[in-house]
Amino acid sequence: MISFSFVYACVCAAAVLAGPTARPMQVHDSRAGAPQGFVLTGPAPVDATLDLRLALVQNDIAGLHEALYAVSTPDSPLYGQYLSKEEVEKFVAPKAKSVAAVNAWLADNGIQASVISPAGDWLSFSVPVSKASTLFDADFAVYTHEATGETSIRTLAYSVPSDLKEHIALVHPTTSARIDTRVSAARTVQQPDVADVVPASCTRPIRPQCLLDLYGVPNGTRATNSSNKLAVTGYDKQFANEADLQASYLSSLERIYYPCPQSFLTQFRPDLPSSTTFTLQTLNGGTNSQNISQAGTEADLDTQYTVGVATGVPVVFISVGAAARGHESFLDTANFLLSETNPPQVVTTSYDTLEDGTSLSLANNLCNAYAQLGARGTSILFASGDSGVGNGGNCTKFVSKFPNDCPFVTSVGATTGVGPETAASLSSGGFSNIFGTPTYQQPAVDAYLSALGSTNAGLFNRTGRGFPDVSAQGTDVRIVARGKQLLVEGTSCASPIFASVVALLNDALAAAGRPPLGFLNPFLYSDKGRAALTDITAGSNPGCGTQGFPAMKGWDPVTGLGTPNYSKLKAALGL
């Protein structure tokens with residue numbers, strides 16, 4: 001006869017060995033196949049570590065969107081009355097029961113998660129592939145990006161406990177593909193003749209004074225408000241070099257190897273003080289090496305054409321460590337900015353990824369992060385991309401870019417030439433397959449589609465959010481990198497240029513005792529906003545074996561509403 005106490009002990013021991021009780025699972029996200037450009041390589045190593053992020057369901061996203069439009073629409077009585085950090089967090093903080101339920105499930109599986117967002121809606125934890133596969137009933141595998149050869153561990157589907165589905169928004173990285181973000185193309189040029197160093201007009205190539213003249217910024221315009229900041233994001237170990245900006249920052253040792261260095265401000269903005277530079281913020285282990293041999297073309301471009309055009313505006317370079325790539329870098333940057341009591345009034349980013357590699361849930365969550373920043377008075381600008389309507393390779397349908405497809409960011413395309421400006425053929429643009437056409441954009445998109453007729457029928461989503469929203473110069477732009485002058489091209493030029501005009505407008509608003517522009521699009525698409533932009537009506541953005549979209553009168557998915565005119569925009573704002 002077996003004693004009761006022995007049976008009880010055995011049962012308890014079996015329960016411990018069995019681990020957490022199995023729960024009914026439900027598919028939370030899936031995709032039919034690998035994203036475009038990726039191929040399955042094989043199963044993921046079971047002992048490989050996955051750094052996972054889990055988003056909890058936010059409690060009132062509809063309320064956040066309503067509040068964002070209320071403070072961003074010019075004819076709203078609440079226009080410019082931006083929300084505080086705490087007010088925004090109330091909209092996105094998860095419910096207490098969601099926090100408790102998900103953390104209890106993770107704890108049952110021996111996982112202690114860390115909170116990585118100021119509102120507590122994002123958690124992070126690291127587990128081996130073997131555990132992640134069990135936890136999410138997923139088949140993690142290695143996928144290779146054919147163009148670059150870079151590999152990622154992803155799954156085509158994952159599940160969560162059925163009773164937690166209402167609490168979990170998404171888990172990442174799972175079904176979204178890591179596609180390396182892009183930087184501008186660059187080519188070296190010969191040192192110019194002395195007479196060509198500081199142009200008096202807009203002869204090619206493009207320099208800061210040309211842009212100030214072209215975009216209606218009066219001579220002598222200089223920002224004076226020290227709290228009005230313009231941030232430039234930097235990824236992929238792109239370092240912004242102060243000596244390339246201003247030669248006085250070159251060390252004595254570097255002068256041995258670079259005996260005749262050139263610097264951007266000395267060449268093109270000699271009127272600025274020799275102490276002019278940018279400040280640095282870092283996250284995820286980001287650094288900003290000042291070894292001139294490591295200077296990044298993209299980082300130099302972005303800092304030089306913000307410091308050099310937004311005269312007097314404090315510029316901040318945000319260096320994000322290489323541990324975060326693609327979507328993770330965008331997410332971490334957004335949470336970093338949201339954690340600040342006073343985030344910068346303008347943020348420009350010259351990186352993007354493909355919408356096809358972005359899951360619906362991740363796209364919505366990241367887009368809502370930009371909505372949070374907009375509600376707090378920050379303008380978010382992204383370069384639209386440099387591959388026309390394609391992706392640089394074979395494509396059977398037009399390609400959309402993320403986060404440019406997000407309705408809460410301002411997407412910036414590229415122009416070329418100055419007499420007049422025309423669409424740059426590299427300028428990416430099109431229509432989202434995730435986000436619908438926002439209300440503020442609907443009349444402009446409807447007018448374009450009506451004029452377009454049946455051209456490119458079946459190659460794009462006629463009901464999607466259209467991008468870009470605006471444009472600026474994007475070809476033959478002169479910078480200094482690694483002590484030498486280069487010509488660069490791409491919407492990477494256009495975004496910091498347009499952002500600089502916005503930053504100067506914010507300074508004028510601050511001088512008048514008014515709040516910054518914040519989320520730009522409702523103003524830009526208004527009658528006054530459109531009238532203050534220079535419409536671009538010639539050119540197109542070829543790709544996918546087609547001529548792409550043609551630029552036309554009014555908004556178009558090549559140059560958006562057009563290029564900025566500072567003086568007209570200032571007048572449109574009542575200044």
# chains A, B, ... in the order shown; residues from 1 in each chain; ligands from 1
call {"tool": "select_by_dssp", "arguments": {"residues": "range 363-478 of chain A", "states": "alpha helix (DSSP H)", "output": "NGL selection string"}}
result
:A and (363-375 or 442-452)
call {"tool": "residues_around", "arguments": {"residues": "Val160 in chain A", "least_positions_apart": "6", "cutoff": "7 Å", "atoms": "only C-alpha atoms", "output": "mmCIF file with N, CA, C and O atoms, in the first residue's frame"}}
result
data_model
loop_
_atom_site.group_PDB
_atom_site.id
_atom_site.type_symbol
_atom_site.label_atom_id
_atom_site.label_comp_id
_atom_site.auth_asym_id
_atom_site.auth_seq_id
_atom_site.Cartn_x
_atom_site.Cartn_y
_atom_site.Cartn_z
ATOM 1 N N MET A 25 -3.500 27.885 -27.605
ATOM 2 C CA MET A 25 -2.781 28.917 -28.354
ATOM 3 C C MET A 25 -3.598 29.385 -29.553
ATOM 4 O O MET A 25 -4.409 28.635 -30.099
ATOM 5 N N GLN A 26 -3.357 30.600 -29.963
ATOM 6 C CA GLN A 26 -4.054 31.172 -31.113
ATOM 7 C C GLN A 26 -3.052 31.950 -31.957
ATOM 8 O O GLN A 26 -2.231 32.711 -31.435
ATOM 9 N N VAL A 27 -3.095 31.740 -33.268
ATOM 10 C CA VAL A 27 -2.175 32.451 -34.159
ATOM 11 C C VAL A 27 -2.388 33.954 -34.008
ATOM 12 O O VAL A 27 -3.507 34.454 -34.089
ATOM 13 N N HIS A 28 -1.283 34.656 -33.780
ATOM 14 C CA HIS A 28 -1.370 36.104 -33.560
ATOM 15 C C HIS A 28 -0.965 36.896 -34.796
ATOM 16 O O HIS A 28 -1.464 37.986 -35.032
ATOM 17 N N PHE A 136 6.009 30.563 -28.327
ATOM 18 C CA PHE A 136 5.118 31.174 -29.320
ATOM 19 C C PHE A 136 4.659 30.184 -30.388
ATOM 20 O O PHE A 136 4.107 30.607 -31.409
#
call {"tool": "closest_residue", "arguments": {"among": "A:Ser159, A:Ser526, A:Ser76, A:Ser126", "to": "Pro443 in chain A", "atoms": "only C-alpha atoms"}}
result
A:Ser526
call {"tool": "atom_distance", "arguments": {"atom1": "CA of Lys553 in chain A", "atom2": "CA of Thr537 in chain A"}}
result
5.3 Å
call {"tool": "residues_around", "arguments": {"residues": "Thr546 in chain A", "least_positions_apart": "5", "cutoff": "10 Å", "atoms": "only C-alpha atoms", "output": "number ranges by chain"}}
result
A: 389-390, 398, 456, 541
call {"tool": "closest_atom_pairs", "arguments": {"of": "range 522-565 of chain A", "to": "range 444-449 of chain A", "cutoff": "9 Å", "atoms": "only C-alpha atoms", "output": "JSON lines"}}
result
{"residue": "A:Tyr525", "atom": "CA", "partner": "A:Ala444", "partner_atom": "CA", "distance": 7.9}
{"residue": "A:Met552", "atom": "CA", "partner": "A:Tyr448", "partner_atom": "CA", "distance": 7.6}
{"residue": "A:Lys553", "atom": "CA", "partner": "A:Tyr448", "partner_atom": "CA", "distance": 8.3}
{"residue": "A:Gly554", "atom": "CA", "partner": "A:Ala444", "partner_atom": "CA", "distance": 7.0}
{"residue": "A:Trp555", "atom": "CA", "partner": "A:Ala444", "partner_atom": "CA", "distance": 5.8}
{"residue": "A:Asp556", "atom": "CA", "partner": "A:Tyr448", "partner_atom": "CA", "distance": 6.3}
{"residue": "A:Pro557", "atom": "CA", "partner": "A:Tyr448", "partner_atom": "CA", "distance": 8.8}
{"residue": "A:Leu561", "atom": "CA", "partner": "A:Ala444", "partner_atom": "CA", "distance": 8.8}
call {"tool": "closest_residue", "arguments": {"among": "A:Ser176, A:Ser275, A:Ser432, A:Ser114", "to": "Glu328 in chain A", "atoms": "only C-alpha atoms"}}
result
A:Ser176
call {"tool": "atom_distance", "arguments": {"atom1": "CA of Thr463 in chain A", "atom2": "CA of Gln442 in chain A"}}
result
9.3 Å
call {"tool": "residues_around", "arguments": {"residues": "Ala508 in chain A", "least_positions_apart": "3", "cutoff": "10 Å", "atoms": "only C-alpha atoms", "output": "VMD selection string"}}
result
chain A and resid 221 to 225 502 to 505 511 to 516 570 573 575
